[in-house]
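Enquirer: Contents of work-v4.cif (mmCIF, C-alpha atoms) are given next:
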```
data_run
#
loop_
_atom_site.label_atom_id
_atom_site.label_comp_id
_atom_site.auth_asym_id
_atom_site.auth_seq_id
_atom_site.Cartn_x
_atom_site.Cartn_y
_atom_site.Cartn_z
CA MET A 1 30.01 -20.16 18.55
CA LYS A 2 30.37 -16.56 17.44
CA THR A 3 27.35 -14.34 17.38
CA ASP A 4 27.75 -13.67 13.66
CA ASP A 5 27.73 -17.41 13.06
CA LEU A 6 24.58 -17.79 15.11
CA ILE A 7 22.95 -15.03 13.07
CA MET A 8 23.95 -16.88 9.91
CA ALA A 9 22.29 -20.05 11.18
CA LEU A 10 19.19 -18.22 12.40
CA SER A 11 18.70 -16.38 9.13
CA GLN A 12 18.68 -19.67 7.22
CA ASP A 13 15.73 -20.89 9.26
CA THR A 14 13.05 -19.23 7.18
CA ARG A 15 10.28 -21.74 7.69
CA PRO A 16 7.15 -19.85 8.69
CA ALA A 17 6.25 -20.53 12.31
CA PRO A 18 2.52 -20.56 13.04
CA GLY A 19 1.43 -18.04 15.66
CA VAL A 20 -1.01 -18.45 18.53
CA ALA A 21 -4.09 -17.61 16.49
CA LYS A 22 -3.20 -20.00 13.71
CA ARG A 23 -2.61 -22.83 16.16
CA LEU A 24 -5.89 -22.08 17.89
CA VAL A 25 -7.84 -22.14 14.64
CA GLY A 26 -6.38 -25.57 13.96
CA VAL A 27 -6.74 -27.18 17.36
CA LEU A 28 -9.85 -25.57 18.91
CA PRO A 29 -12.36 -27.39 16.66
CA VAL A 30 -10.71 -30.70 17.57
CA ALA A 31 -10.78 -29.96 21.30
CA LEU A 32 -14.35 -28.74 21.08
CA PHE A 33 -15.34 -31.90 19.27
CA VAL A 34 -13.75 -34.07 21.99
CA THR A 35 -15.54 -32.08 24.70
CA LEU A 36 -18.90 -32.26 22.94
CA ALA A 37 -18.52 -35.96 22.18
CA ALA A 38 -17.67 -36.69 25.81
CA PHE A 39 -20.62 -34.55 26.86
CA VAL A 40 -23.07 -36.41 24.64
CA LEU A 41 -21.74 -39.82 25.67
CA VAL A 42 -21.37 -39.29 29.42
CA TRP A 43 -23.65 -36.42 30.39
CA GLY A 44 -26.32 -35.78 27.75
CA VAL A 45 -28.67 -32.83 27.57
CA ARG A 46 -31.31 -32.24 30.21
CA PRO A 47 -34.75 -33.53 29.20
CA ASP A 48 -36.40 -30.12 29.50
CA LEU A 49 -33.75 -28.37 27.39
CA ALA A 50 -36.19 -26.66 25.03
CA GLY A 51 -38.08 -25.14 27.94
CA ALA A 52 -34.88 -24.13 29.76
CA MET A 53 -33.49 -22.36 26.72
CA THR A 54 -36.43 -19.99 26.66
CA SER A 55 -36.22 -19.28 30.42
CA PRO A 56 -33.59 -17.31 32.36
CA ALA A 57 -31.69 -20.60 32.69
CA VAL A 58 -30.31 -19.93 29.21
CA LEU A 59 -27.99 -17.46 30.94
CA LYS A 60 -26.13 -20.44 32.40
CA SER A 61 -24.78 -21.05 28.90
CA VAL A 62 -24.73 -17.52 27.52
CA VAL A 63 -22.85 -15.76 30.32
CA PRO A 64 -19.98 -18.32 30.43
CA LEU A 65 -19.77 -18.10 26.64
CA VAL A 66 -19.27 -14.33 26.84
CA LEU A 67 -16.77 -14.83 29.64
CA ALA A 68 -14.87 -17.39 27.55
CA GLY A 69 -14.74 -15.01 24.62
CA LEU A 70 -13.46 -12.10 26.70
CA ALA A 71 -10.85 -14.13 28.59
CA GLY A 72 -9.71 -15.82 25.40
CA THR A 73 -9.31 -12.54 23.57
CA LEU A 74 -7.35 -11.08 26.46
CA ALA A 75 -5.09 -14.14 26.60
CA LEU A 76 -4.44 -13.80 22.87
CA THR A 77 -3.59 -10.13 23.27
CA LEU A 78 -1.28 -10.69 26.22
CA SER A 79 0.53 -13.50 24.44
CA ARG A 80 2.36 -10.75 22.54
CA PRO A 81 5.31 -9.43 24.51
CA GLU A 82 4.63 -5.73 24.02
CA ALA A 83 0.86 -5.85 24.60
CA GLN A 84 -1.02 -4.01 27.32
CA ALA A 85 -4.17 -5.43 28.95
CA GLY A 86 -6.31 -2.31 28.40
CA ARG A 87 -10.03 -2.54 27.80
CA GLY A 88 -10.22 -6.33 27.76
CA ALA A 89 -9.20 -6.51 31.40
CA ILE A 90 -11.76 -3.85 32.31
CA ALA A 91 -14.57 -5.74 30.54
CA LEU A 92 -13.56 -8.93 32.35
CA GLY A 93 -13.53 -7.07 35.67
CA ILE A 94 -17.01 -5.68 34.99
CA ILE A 95 -18.43 -9.14 34.28
CA GLY A 96 -16.81 -10.48 37.44
CA ALA A 97 -18.28 -7.61 39.47
CA VAL A 98 -21.77 -8.08 37.97
CA LEU A 99 -21.69 -11.80 38.75
CA ALA A 100 -20.48 -11.17 42.31
CA GLY A 101 -23.23 -8.55 42.67
CA GLY A 102 -25.81 -11.04 41.42
CA PHE A 103 -24.62 -13.53 44.01
CA VAL A 104 -24.93 -10.95 46.80
CA VAL A 105 -28.48 -10.08 45.70
CA ALA A 106 -29.45 -13.75 45.57
CA LEU A 107 -27.88 -14.30 48.97
CA GLY A 108 -29.83 -11.35 50.34
CA ARG A 109 -33.06 -12.92 49.13
CA GLY A 110 -32.39 -16.53 50.09
CA GLY A 111 -30.21 -15.98 53.16
CA VAL A 112 -27.42 -18.27 54.30
CA ALA A 113 -29.96 -21.02 54.95
CA GLY A 114 -31.00 -20.81 51.29
CA LEU A 115 -27.36 -21.08 50.19
CA VAL A 116 -26.73 -24.15 52.34
CA ASP A 117 -29.94 -25.62 50.98
CA ALA A 118 -28.98 -24.90 47.36
CA MET A 119 -25.52 -26.42 47.79
CA SER A 120 -26.83 -29.95 48.01
CA PRO A 121 -23.74 -32.16 47.94
CA PRO A 122 -24.51 -34.43 44.97
CA SER A 123 -25.18 -31.67 42.42
CA LEU A 124 -22.34 -29.54 43.80
CA LEU A 125 -19.88 -32.40 43.49
CA THR A 126 -21.10 -33.27 39.99
CA CYS A 127 -20.65 -29.67 38.95
CA LEU A 128 -17.16 -29.32 40.45
CA VAL A 129 -16.00 -32.51 38.76
CA SER A 130 -17.86 -32.22 35.44
CA ILE A 131 -16.87 -28.70 34.41
CA PRO A 132 -13.11 -29.26 34.87
CA ALA A 133 -13.40 -32.66 33.16
CA LEU A 134 -15.25 -31.18 30.16
CA SER A 135 -12.73 -28.33 30.04
CA LEU A 136 -9.67 -30.55 29.98
CA PRO A 137 -9.31 -30.82 26.17
CA LEU A 138 -9.98 -27.10 25.91
CA VAL A 139 -7.30 -26.20 28.46
CA ALA A 140 -4.81 -28.36 26.63
CA ALA A 141 -5.69 -26.70 23.33
CA ALA A 142 -5.45 -23.23 24.85
CA LEU A 143 -2.06 -23.84 26.47
CA TRP A 144 -0.61 -25.48 23.39
CA SER A 145 -1.74 -22.58 21.23
CA LEU A 146 -0.53 -19.96 23.70
CA SER A 147 2.88 -21.62 23.92
CA ALA A 148 3.57 -20.19 20.46
CA GLY A 149 3.26 -16.76 22.06
CA ALA A 150 5.69 -14.73 24.12
CA PRO A 151 3.76 -13.48 27.14
CA ARG A 152 5.53 -11.22 29.62
CA ARG A 153 3.55 -12.92 32.39
CA PRO A 154 3.16 -16.62 31.56
CA ALA A 155 1.23 -17.53 34.73
CA MET A 156 -1.34 -14.82 34.11
CA VAL A 157 -1.86 -15.70 30.47
CA GLY A 158 -2.10 -19.37 31.50
CA ALA A 159 -4.79 -18.44 34.03
CA LEU A 160 -6.70 -16.50 31.36
CA GLY A 161 -6.46 -19.46 29.01
CA GLY A 162 -7.77 -21.68 31.81
CA LEU A 163 -10.54 -19.21 32.58
CA SER A 164 -11.60 -19.19 28.96
CA ALA A 165 -11.51 -23.00 28.71
CA GLY A 166 -13.32 -23.43 32.03
CA ALA A 167 -16.05 -21.00 31.03
CA LEU A 168 -16.51 -22.74 27.70
CA GLY A 169 -16.71 -26.08 29.52
CA ALA A 170 -19.27 -24.59 31.90
CA SER A 171 -21.47 -23.35 29.07
CA VAL A 172 -21.52 -26.90 27.69
CA TYR A 173 -22.16 -28.45 31.11
CA ALA A 174 -25.09 -26.06 31.60
CA LEU A 175 -26.96 -28.00 28.89
CA TYR A 176 -26.99 -30.98 31.27
CA CYS A 177 -27.28 -29.32 34.66
CA ASP A 178 -30.88 -28.92 35.81
CA GLN A 179 -30.09 -26.81 38.87
CA ASP A 180 -31.21 -23.33 37.93
CA ALA A 181 -31.19 -21.53 41.29
CA ALA A 182 -28.86 -18.52 41.23
CA LEU A 183 -27.66 -19.44 44.70
CA PHE A 184 -26.37 -22.70 43.27
CA VAL A 185 -25.26 -21.72 39.79
CA LEU A 186 -23.26 -18.60 40.65
CA PRO A 187 -20.99 -19.99 43.37
CA ALA A 188 -20.73 -23.55 42.01
CA TYR A 189 -19.97 -22.59 38.40
CA ALA A 190 -17.60 -19.86 39.54
CA ALA A 191 -15.70 -22.32 41.75
CA ALA A 192 -15.48 -24.89 38.96
CA ILE A 193 -14.27 -22.30 36.43
CA LEU A 194 -11.72 -20.99 38.93
CA ILE A 195 -10.39 -24.51 39.44
CA VAL A 196 -9.70 -24.69 35.70
CA SER A 197 -8.11 -21.22 35.78
CA LEU A 198 -5.83 -22.37 38.58
CA VAL A 199 -4.79 -25.37 36.52
CA GLY A 200 -4.12 -23.04 33.60
CA MET A 201 -2.07 -20.74 35.80
CA LEU A 202 0.10 -23.49 37.28
CA ALA A 203 0.64 -25.15 33.91
CA GLY A 204 1.13 -21.81 32.15
CA LYS A 205 3.91 -20.85 34.53
CA ARG A 206 5.95 -23.70 33.09
CA VAL A 207 4.57 -24.25 29.60
CA LEU A 208 4.34 -20.61 28.57
CA ALA A 209 7.70 -19.48 29.95
CA TRP A 210 10.21 -18.63 27.25
CA MET B 211 11.19 -8.26 9.51
CA ARG B 212 8.26 -8.50 7.15
CA ALA B 213 10.60 -9.73 4.48
CA ALA B 214 12.13 -12.14 6.97
CA ASN B 215 8.76 -13.60 7.87
CA CYS B 216 8.17 -14.09 4.16
CA GLY B 217 11.34 -16.13 3.96
CA ASP B 218 13.92 -13.56 2.79
CA ALA B 219 17.04 -14.87 4.53
CA ALA B 220 19.30 -12.00 3.47
CA ALA B 221 16.94 -9.33 4.77
CA TYR B 222 16.53 -11.27 7.98
CA ARG B 223 20.27 -11.56 8.49
CA GLN B 224 20.62 -7.84 7.96
CA LEU B 225 17.96 -7.17 10.55
CA LEU B 226 19.51 -9.48 13.15
CA SER B 227 22.93 -7.96 12.52
CA ALA B 228 21.49 -4.47 13.01
CA ILE B 229 19.80 -5.42 16.29
CA THR B 230 22.78 -7.20 17.77
CA PRO B 231 24.94 -4.16 18.69
CA VAL B 232 21.99 -2.55 20.46
CA VAL B 233 21.30 -5.66 22.50
CA ARG B 234 25.01 -6.08 23.19
CA GLY B 235 25.26 -2.51 24.41
CA VAL B 236 22.50 -2.99 26.96
CA VAL B 237 23.72 -6.38 28.12
CA ARG B 238 27.27 -5.12 28.61
CA ALA B 239 26.12 -2.05 30.50
CA ARG B 240 24.01 -4.16 32.82
CA GLY B 241 26.03 -7.30 33.17
CA THR B 242 29.47 -6.03 34.10
CA GLY B 243 29.94 -9.03 36.39
CA LEU B 244 29.49 -11.54 33.60
CA GLY B 245 32.58 -10.80 31.61
CA PRO B 246 32.59 -10.33 27.82
CA GLU B 247 31.96 -14.02 27.10
CA GLY B 248 29.11 -14.25 29.57
CA CYS B 249 27.57 -11.13 28.06
CA GLU B 250 27.81 -12.59 24.60
CA ASP B 251 25.96 -15.68 25.86
CA VAL B 252 23.11 -13.43 26.94
CA VAL B 253 23.16 -11.59 23.61
CA GLN B 254 22.85 -14.90 21.79
CA GLU B 255 20.02 -15.95 24.05
CA VAL B 256 18.15 -12.76 23.15
CA LEU B 257 18.74 -13.33 19.43
CA LEU B 258 17.48 -16.89 19.73
CA ALA B 259 14.34 -15.65 21.47
CA ILE B 260 13.75 -13.01 18.81
CA HIS B 261 14.04 -15.73 16.22
CA LEU B 262 11.85 -18.35 17.89
CA LYS B 263 9.15 -15.84 18.84
CA ARG B 264 9.16 -13.86 15.59
CA GLN B 265 5.61 -14.96 14.80
CA THR B 266 4.31 -12.99 17.80
CA TRP B 267 5.06 -9.76 15.94
CA ARG B 268 2.00 -8.49 14.12
CA GLU B 269 2.76 -7.16 10.69
CA ASP B 270 0.65 -4.06 11.25
CA ALA B 271 2.37 -3.22 14.55
CA PRO B 272 5.56 -1.18 14.84
CA LEU B 273 8.61 -3.41 15.14
CA ARG B 274 10.60 -1.55 17.78
CA PRO B 275 8.29 -1.94 20.82
CA TRP B 276 8.01 -5.64 20.07
CA LEU B 277 11.73 -6.03 19.70
CA TYR B 278 12.50 -4.15 22.90
CA ALA B 279 9.88 -6.15 24.82
CA ILE B 280 11.49 -9.43 23.74
CA ALA B 281 15.01 -8.23 24.43
CA ARG B 282 14.08 -6.81 27.79
CA HIS B 283 12.25 -9.93 28.93
CA LYS B 284 15.01 -12.22 27.80
CA THR B 285 17.84 -10.13 29.22
CA ALA B 286 16.16 -9.91 32.61
CA ASP B 287 15.47 -13.64 32.41
CA ALA B 288 19.07 -14.45 31.58
CA PHE B 289 20.42 -12.31 34.40
CA ARG B 290 17.95 -13.84 36.82
CA ALA B 291 19.04 -17.31 35.79
CA ARG B 292 22.61 -16.26 36.53
CA GLY B 293 21.70 -15.18 40.01
CA ASN B 294 21.62 -11.41 39.80
CA ARG B 295 18.12 -10.11 39.61
CA ILE B 296 18.02 -6.76 37.89
CA ASP B 297 15.51 -4.10 37.20
CA LEU B 298 15.61 -3.30 33.53
CA PRO B 299 13.78 -0.19 32.47
CA ILE B 300 12.60 -0.23 28.86
CA GLU B 301 14.32 3.13 28.31
CA ASP B 302 17.59 1.24 28.50
CA PHE B 303 16.94 -0.13 25.06
CA LEU B 304 15.67 3.10 23.66
CA ASP B 305 18.72 5.06 24.79
CA ALA B 306 21.23 2.29 24.34
CA LEU B 307 24.28 3.14 22.34
CA PRO B 308 25.44 0.25 20.28
CA ALA B 309 28.47 -1.44 21.77
CA PRO B 310 31.68 -0.33 20.09
CA GLU B 311 32.45 -2.62 17.21
CA VAL B 312 35.18 -4.99 18.26
CA PRO B 313 37.36 -6.32 15.46
CA ASP B 314 36.76 -9.92 16.44
CA PRO B 315 33.28 -10.53 17.86
CA THR B 316 33.54 -12.35 21.13
CA GLN B 317 33.13 -16.02 21.18
CA ALA B 318 30.29 -17.21 23.41
CA ARG B 319 30.54 -20.52 25.19
CA ASP B 320 27.00 -21.60 25.93
CA VAL B 321 25.86 -22.45 22.42
CA GLU B 322 29.02 -24.47 21.89
CA LYS B 323 28.29 -26.48 25.05
CA VAL B 324 24.73 -27.04 23.95
CA LEU B 325 25.74 -28.04 20.44
CA ASP B 326 27.84 -30.83 21.93
CA ARG B 327 24.74 -32.23 23.56
CA LEU B 328 22.58 -31.92 20.46
CA GLU B 329 21.89 -34.81 18.17
CA PRO B 330 25.06 -35.07 15.98
CA ARG B 331 23.38 -34.45 12.66
CA ALA B 332 21.50 -31.37 13.91
CA ALA B 333 24.70 -30.00 15.43
CA ASP B 334 26.49 -30.64 12.15
CA ILE B 335 23.84 -28.75 10.20
CA LEU B 336 23.99 -25.82 12.61
CA ARG B 337 27.78 -25.70 12.49
CA GLY B 338 27.73 -25.91 8.71
CA LEU B 339 25.24 -23.09 8.27
CA GLY B 340 26.66 -20.95 11.03
CA LEU B 341 30.41 -21.45 11.36
CA ARG B 342 31.24 -22.53 7.84
CA GLY B 343 28.68 -20.29 6.20
CA GLU B 344 27.18 -22.98 4.01
CA THR B 345 23.86 -22.41 2.29
CA VAL B 346 20.94 -24.72 2.88
CA ALA B 347 21.43 -26.17 -0.60
CA GLU B 348 25.10 -26.95 0.07
CA THR B 349 24.30 -28.60 3.38
CA ALA B 350 21.58 -30.64 1.75
CA ALA B 351 23.97 -31.82 -0.95
CA ARG B 352 26.73 -32.63 1.58
CA LEU B 353 24.45 -34.67 3.83
CA ASP B 354 22.41 -36.12 0.99
CA MET B 355 19.20 -34.70 2.41
CA SER B 356 16.44 -32.71 0.77
CA GLU B 357 16.51 -28.95 1.36
CA GLY B 358 13.20 -29.23 3.15
CA ALA B 359 14.61 -31.82 5.53
CA VAL B 360 17.61 -29.57 6.26
CA ARG B 361 15.26 -26.68 7.03
CA VAL B 362 13.18 -28.83 9.35
CA ALA B 363 16.30 -30.11 11.11
CA LEU B 364 17.63 -26.57 11.44
CA HIS B 365 14.37 -25.33 12.91
CA ARG B 366 14.20 -28.20 15.39
CA GLY B 367 17.86 -27.76 16.26
CA LEU B 368 17.37 -24.09 17.10
CA LYS B 369 14.39 -24.90 19.26
CA ALA B 370 16.33 -27.64 21.01
CA ILE B 371 19.17 -25.20 21.69
CA ALA B 372 16.81 -22.79 23.38
CA ARG B 373 15.35 -25.61 25.45
CA LEU B 374 18.72 -27.08 26.44
CA ARG B 375 20.03 -23.68 27.45
CA GLU B 376 17.15 -23.16 29.76
CA ARG B 377 17.69 -26.54 31.35
CA MET B 378 21.38 -25.80 31.72
CA MET B 379 20.54 -22.70 33.72
CA GLU B 380 18.26 -24.47 36.17
#
```
Kindly present the structure from the file in structure tokens form.

Expert:
Amino acid sequence: MKTDDLIMALSQDTRPAPGVAKRLVGVLPVALFVTLAAFVLVWGVRPDLAGAMTSPAVLKSVVPLVLAGLAGTLALTLSRPEAQAGRGAIALGIIGAVLAGGFVVALGRGGVAGLVDAMSPPSLLTCLVSIPALSLPLVAAALWSLSAGAPRRPAMVGALGGLSAGALGASVYALYCDQDAALFVLPAYAAAILIVSLVGMLAGKRVLAW
Amino acid sequence: MRAANCGDAAAYRQLLSAITPVVRGVVRARGTGLGPEGCEDVVQEVLLAIHLKRQTWREDAPLRPWLYAIARHKTADAFRARGNRIDLPIEDFLDALPAPEVPDPTQARDVEKVLDRLEPRAADILRGLGLRGETVAETAARLDMSEGAVRVALHRGLKAIARLRERMME
């Protein structure tokens, strides 16, 4: 086929193609509904929710929510081929550093013995399974939306999509989880969210390539 | 491009025709080992990518950086798939002189190969619109389809071409 002929055919295809943002607006409410429905049916909110929401434990939901927003915005930006990471990446780095710093402070107070104590196997396992499970519809929605984009680095944008979905899943899971010790929450939630990011990265490498 | 995204086929064709010599110039300069036909395959791959990813251009953003980013990514990708990894500085596109106009634009082989593997009706629509220069309305009348159905088939066909090409390279 000659190039001019291809151009002819291409120019006839004038159907508007929805972009990443448009897809996300359509599919995110659905994914969020599935996640919340699964949460209500399988997990359910902690009995002392009202009390927890007025204590520092509310941060377990708020911080992941901020993280999800930042990572999601950055993924959206980087899904355009000419985009630069810029300030979004810096903000994400700052949050990561603050959280790591918080963990070091908590570790300094509680010591390694405190960490081992906080990492009681049943709640750790529940956390590491629940957050990825709750995030699954969100990851799917993120990757499907982002596949309308044209990222220069598909794996990285996939990881950001996963990070955003994992953090959103974590903020939902926090409504169930009654472990409020920083020595538990910081490492366990971080590990669970990173698992989802890894899934996003591996899937993104394939799904988001163009 | 704005007009194209609003559905103005003529403006869109003009734009694609204007971009093509620039892309061709860069691909030829870089891909001397591919031969003219191989180069034209890469050019077509870039055009297809520009088309399928056109919604990632923001109307308030300048068009050129977007266009160059797509062309650069896709050219590097195409060369990589053909086994010679290259480093493609963005300046290449900025400084590129359009390839000299050849009287008969080179025929590329890849799309033809892919068309043979496409669903017959989709291939027919693509050939009609491309090679024979039919309009959507004419194709619709010939195949007894609605214009909307022809447009959908065309869109799916173009996407399938991009997908099949990638699989062919693996």

Enquirer: Give me the residues near Trp144 of chain A as a count of residues only, where near means some atom within 12 Å (using only C-alpha atoms) and where sequence neighbours in that chain fewer than 2 positions away do not count.

Expert: 31

Enquirer: Work out how far apart atom CA of Leu128 of chain A and atom CA of Asp178 of chain A are and give it in Å to one decimal.

Expert: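 Atom-to-atom, atom CA of Leu128 of chain A and atom CA of Asp178 of chain A are spaced 14.5 Å apart.
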
Enquirer: Would you tabulate, counting only C-alpha atoms, all residues of chain A that have an atom at most 6 Å from an atom of chain B, showing the closest pair of atoms and their distance in Å to one decimal, sorted by chain then ascending number, as a tab-separated table?

Expert:
```
residue	atom	partner	partner_atom	distance
A:Met1	CA	B:Glu322	CA	5.5
A:Lys2	CA	B:Gln317	CA	4.7
A:Asp5	CA	B:Gly340	CA	4.2
A:Leu6	CA	B:Gly340	CA	5.6
A:Met8	CA	B:Gly340	CA	5.0
A:Ala9	CA	B:Gly340	CA	4.5
A:Ser11	CA	B:Arg223	CA	5.1
A:Gln12	CA	B:Ala219	CA	5.7
A:Asp13	CA	B:His365	CA	5.9
A:Thr14	CA	B:Gly217	CA	4.8
A:Gly19	CA	B:Gln265	CA	5.3
A:Arg80	CA	B:Thr266	CA	5.6
A:Pro81	CA	B:Ala279	CA	5.6
A:Glu82	CA	B:Trp276	CA	5.2
A:Gly149	CA	B:Thr266	CA	5.8
```

Enquirer: Atom CA of Gln179 of chain A and atom CA of Val129 of chain A, how far apart in Å?

Expert: 15.2 Å

Enquirer: When the PyMOL selection byres ((chain A and resi 99) around 12) is applied to the file above, which residues end up in the set, as a PyMOL selection string?

Expert: chain A and resi 59-60+63-64+67+92-98+100-106+182-183+185-187+189-190

Enquirer: So how far away is atom CA of Ala192 of chain A from atom CA of Leu78 of chain A, in Å?

Expert: 23.8 Å

Enquirer: Pick the closest to Trp210 of chain A from A:Leu163, A:Ala150, A:Ala188, A:Ala17: which is it, counting all atoms listed in the file?

Expert: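 Once distances to Trp210 of chain A are computed over all atoms listed in the file, the minimum belongs to A:Ala150.
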
Enquirer: Under the rule that all atoms listed in the file are counted, which of A:Leu70, A:Thr77, A:Asp180, A:Pro132 is the nearest residue to Pro56 of chain A?

Expert: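 Among the listed residues, the smallest separation from Pro56 of chain A belongs to A:Asp180.
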
Enquirer: So which residues touch Arg234 of chain B within 9 Å, counting all atoms listed in the file, skipping near sequence neighbours fewer than 3 positions away, as a PDB file with C-alpha atoms, keeping the file's coordinate frame?

Expert:
```
ATOM      1  CA  ILE B 229      19.800  -5.420  16.290  1.00  0.00           C
ATOM      2  CA  THR B 230      22.780  -7.200  17.770  1.00  0.00           C
ATOM      3  CA  PRO B 231      24.940  -4.160  18.690  1.00  0.00           C
ATOM      4  CA  VAL B 237      23.720  -6.380  28.120  1.00  0.00           C
ATOM      5  CA  ARG B 238      27.270  -5.120  28.610  1.00  0.00           C
ATOM      6  CA  ALA B 239      26.120  -2.050  30.500  1.00  0.00           C
ATOM      7  CA  CYS B 249      27.570 -11.130  28.060  1.00  0.00           C
ATOM      8  CA  GLU B 250      27.810 -12.590  24.600  1.00  0.00           C
ATOM      9  CA  VAL B 252      23.110 -13.430  26.940  1.00  0.00           C
ATOM     10  CA  VAL B 253      23.160 -11.590  23.610  1.00  0.00           C
ATOM     11  CA  PRO B 308      25.440   0.250  20.280  1.00  0.00           C
ATOM     12  CA  ALA B 309      28.470  -1.440  21.770  1.00  0.00           C
TER      13      ALA B 309
END
```

Enquirer: My list of candidates is B:Asp334, B:Glu348, B:Asp326, B:Glu357. Which is closest to Leu374 of chain B when distances are computed with all atoms listed in the file?

Expert: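 Smallest separation from Leu374 of chain B among the options: B:Asp326.
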
Enquirer: Could you tell me which residues the PyMOL selection byres ((chain A and resi 157) around 8) returns for this structure, as a list in words?

Expert: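 Against this file, the PyMOL selection byres ((chain A and resi 157) around 8) returns the residues Ala75, Leu78, Ser79, Pro151, Arg153, Pro154, Ala155, Met156, Gly158, Ala159, Leu160, Gly161, Met201 and Gly204 of chain A.
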
Enquirer: So what does the PyMOL selection byres ((chain A and resi 167-176) around 7) actually pick up in this one, as a PyMOL selection string?

Expert: chain A and resi 43-46+49+60-62+64-65+67-68+131+134-135+163-166+177-178+189+193

Enquirer: Suppose we keep C-alpha atoms; can you now write the selection as a CSV table (one decimal), keeping the file's coordinate frame?

Expert:
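The result, written out as part00.csv:
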```
chain,number,residue,atom,x,y,z
A,43,TRP,CA,-23.6,-36.4,30.4
A,44,GLY,CA,-26.3,-35.8,27.8
A,45,VAL,CA,-28.7,-32.8,27.6
A,46,ARG,CA,-31.3,-32.2,30.2
A,49,LEU,CA,-33.8,-28.4,27.4
A,60,LYS,CA,-26.1,-20.4,32.4
A,61,SER,CA,-24.8,-21.0,28.9
A,62,VAL,CA,-24.7,-17.5,27.5
A,64,PRO,CA,-20.0,-18.3,30.4
A,65,LEU,CA,-19.8,-18.1,26.6
A,67,LEU,CA,-16.8,-14.8,29.6
A,68,ALA,CA,-14.9,-17.4,27.6
A,131,ILE,CA,-16.9,-28.7,34.4
A,134,LEU,CA,-15.2,-31.2,30.2
A,135,SER,CA,-12.7,-28.3,30.0
A,163,LEU,CA,-10.5,-19.2,32.6
A,164,SER,CA,-11.6,-19.2,29.0
A,165,ALA,CA,-11.5,-23.0,28.7
A,166,GLY,CA,-13.3,-23.4,32.0
A,177,CYS,CA,-27.3,-29.3,34.7
A,178,ASP,CA,-30.9,-28.9,35.8
A,189,TYR,CA,-20.0,-22.6,38.4
A,193,ILE,CA,-14.3,-22.3,36.4
```

Enquirer: Starting from the incomplete input, reconstruct N, CA and C atoms of segment 165-177 of chain A and report them as a PDB file, in the frame of the given file.

Expert:
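The new file out23.pdb reads:
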```pdb
ATOM      1  N   ALA A 165     -11.151 -21.586  28.918  1.00  0.00           N
ATOM      2  CA  ALA A 165     -11.510 -23.000  28.710  1.00  0.00           C
ATOM      3  C   ALA A 165     -12.546 -23.445  29.723  1.00  0.00           C
ATOM      4  N   GLY A 166     -12.374 -23.047  30.979  1.00  0.00           N
ATOM      5  CA  GLY A 166     -13.320 -23.430  32.030  1.00  0.00           C
ATOM      6  C   GLY A 166     -14.706 -22.876  31.762  1.00  0.00           C
ATOM      7  N   ALA A 167     -14.756 -21.623  31.308  1.00  0.00           N
ATOM      8  CA  ALA A 167     -16.050 -21.000  31.030  1.00  0.00           C
ATOM      9  C   ALA A 167     -16.730 -21.686  29.851  1.00  0.00           C
ATOM     10  N   LEU A 168     -15.949 -22.036  28.845  1.00  0.00           N
ATOM     11  CA  LEU A 168     -16.510 -22.740  27.700  1.00  0.00           C
ATOM     12  C   LEU A 168     -17.044 -24.112  28.129  1.00  0.00           C
ATOM     13  N   GLY A 169     -16.259 -24.789  28.971  1.00  0.00           N
ATOM     14  CA  GLY A 169     -16.710 -26.080  29.520  1.00  0.00           C
ATOM     15  C   GLY A 169     -17.997 -25.915  30.310  1.00  0.00           C
ATOM     16  N   ALA A 170     -18.080 -24.821  31.077  1.00  0.00           N
ATOM     17  CA  ALA A 170     -19.270 -24.590  31.900  1.00  0.00           C
ATOM     18  C   ALA A 170     -20.497 -24.356  31.030  1.00  0.00           C
ATOM     19  N   SER A 171     -20.310 -23.630  29.912  1.00  0.00           N
ATOM     20  CA  SER A 171     -21.470 -23.350  29.070  1.00  0.00           C
ATOM     21  C   SER A 171     -21.983 -24.634  28.405  1.00  0.00           C
ATOM     22  N   VAL A 172     -21.086 -25.599  28.201  1.00  0.00           N
ATOM     23  CA  VAL A 172     -21.520 -26.900  27.690  1.00  0.00           C
ATOM     24  C   VAL A 172     -22.225 -27.696  28.793  1.00  0.00           C
ATOM     25  N   TYR A 173     -21.599 -27.690  29.979  1.00  0.00           N
ATOM     26  CA  TYR A 173     -22.160 -28.450  31.110  1.00  0.00           C
ATOM     27  C   TYR A 173     -23.564 -27.950  31.463  1.00  0.00           C
ATOM     28  N   ALA A 174     -23.801 -26.646  31.242  1.00  0.00           N
ATOM     29  CA  ALA A 174     -25.090 -26.060  31.600  1.00  0.00           C
ATOM     30  C   ALA A 174     -26.236 -26.707  30.816  1.00  0.00           C
ATOM     31  N   LEU A 175     -25.918 -27.334  29.668  1.00  0.00           N
ATOM     32  CA  LEU A 175     -26.960 -28.000  28.890  1.00  0.00           C
ATOM     33  C   LEU A 175     -27.439 -29.281  29.582  1.00  0.00           C
ATOM     34  N   TYR A 176     -26.615 -29.776  30.533  1.00  0.00           N
ATOM     35  CA  TYR A 176     -26.990 -30.980  31.270  1.00  0.00           C
ATOM     36  C   TYR A 176     -27.584 -30.626  32.629  1.00  0.00           C
ATOM     37  N   CYS A 177     -26.984 -29.652  33.274  1.00  0.00           N
ATOM     38  CA  CYS A 177     -27.280 -29.320  34.660  1.00  0.00           C
ATOM     39  C   CYS A 177     -28.697 -28.772  34.798  1.00  0.00           C
TER      40      CYS A 177
END
```
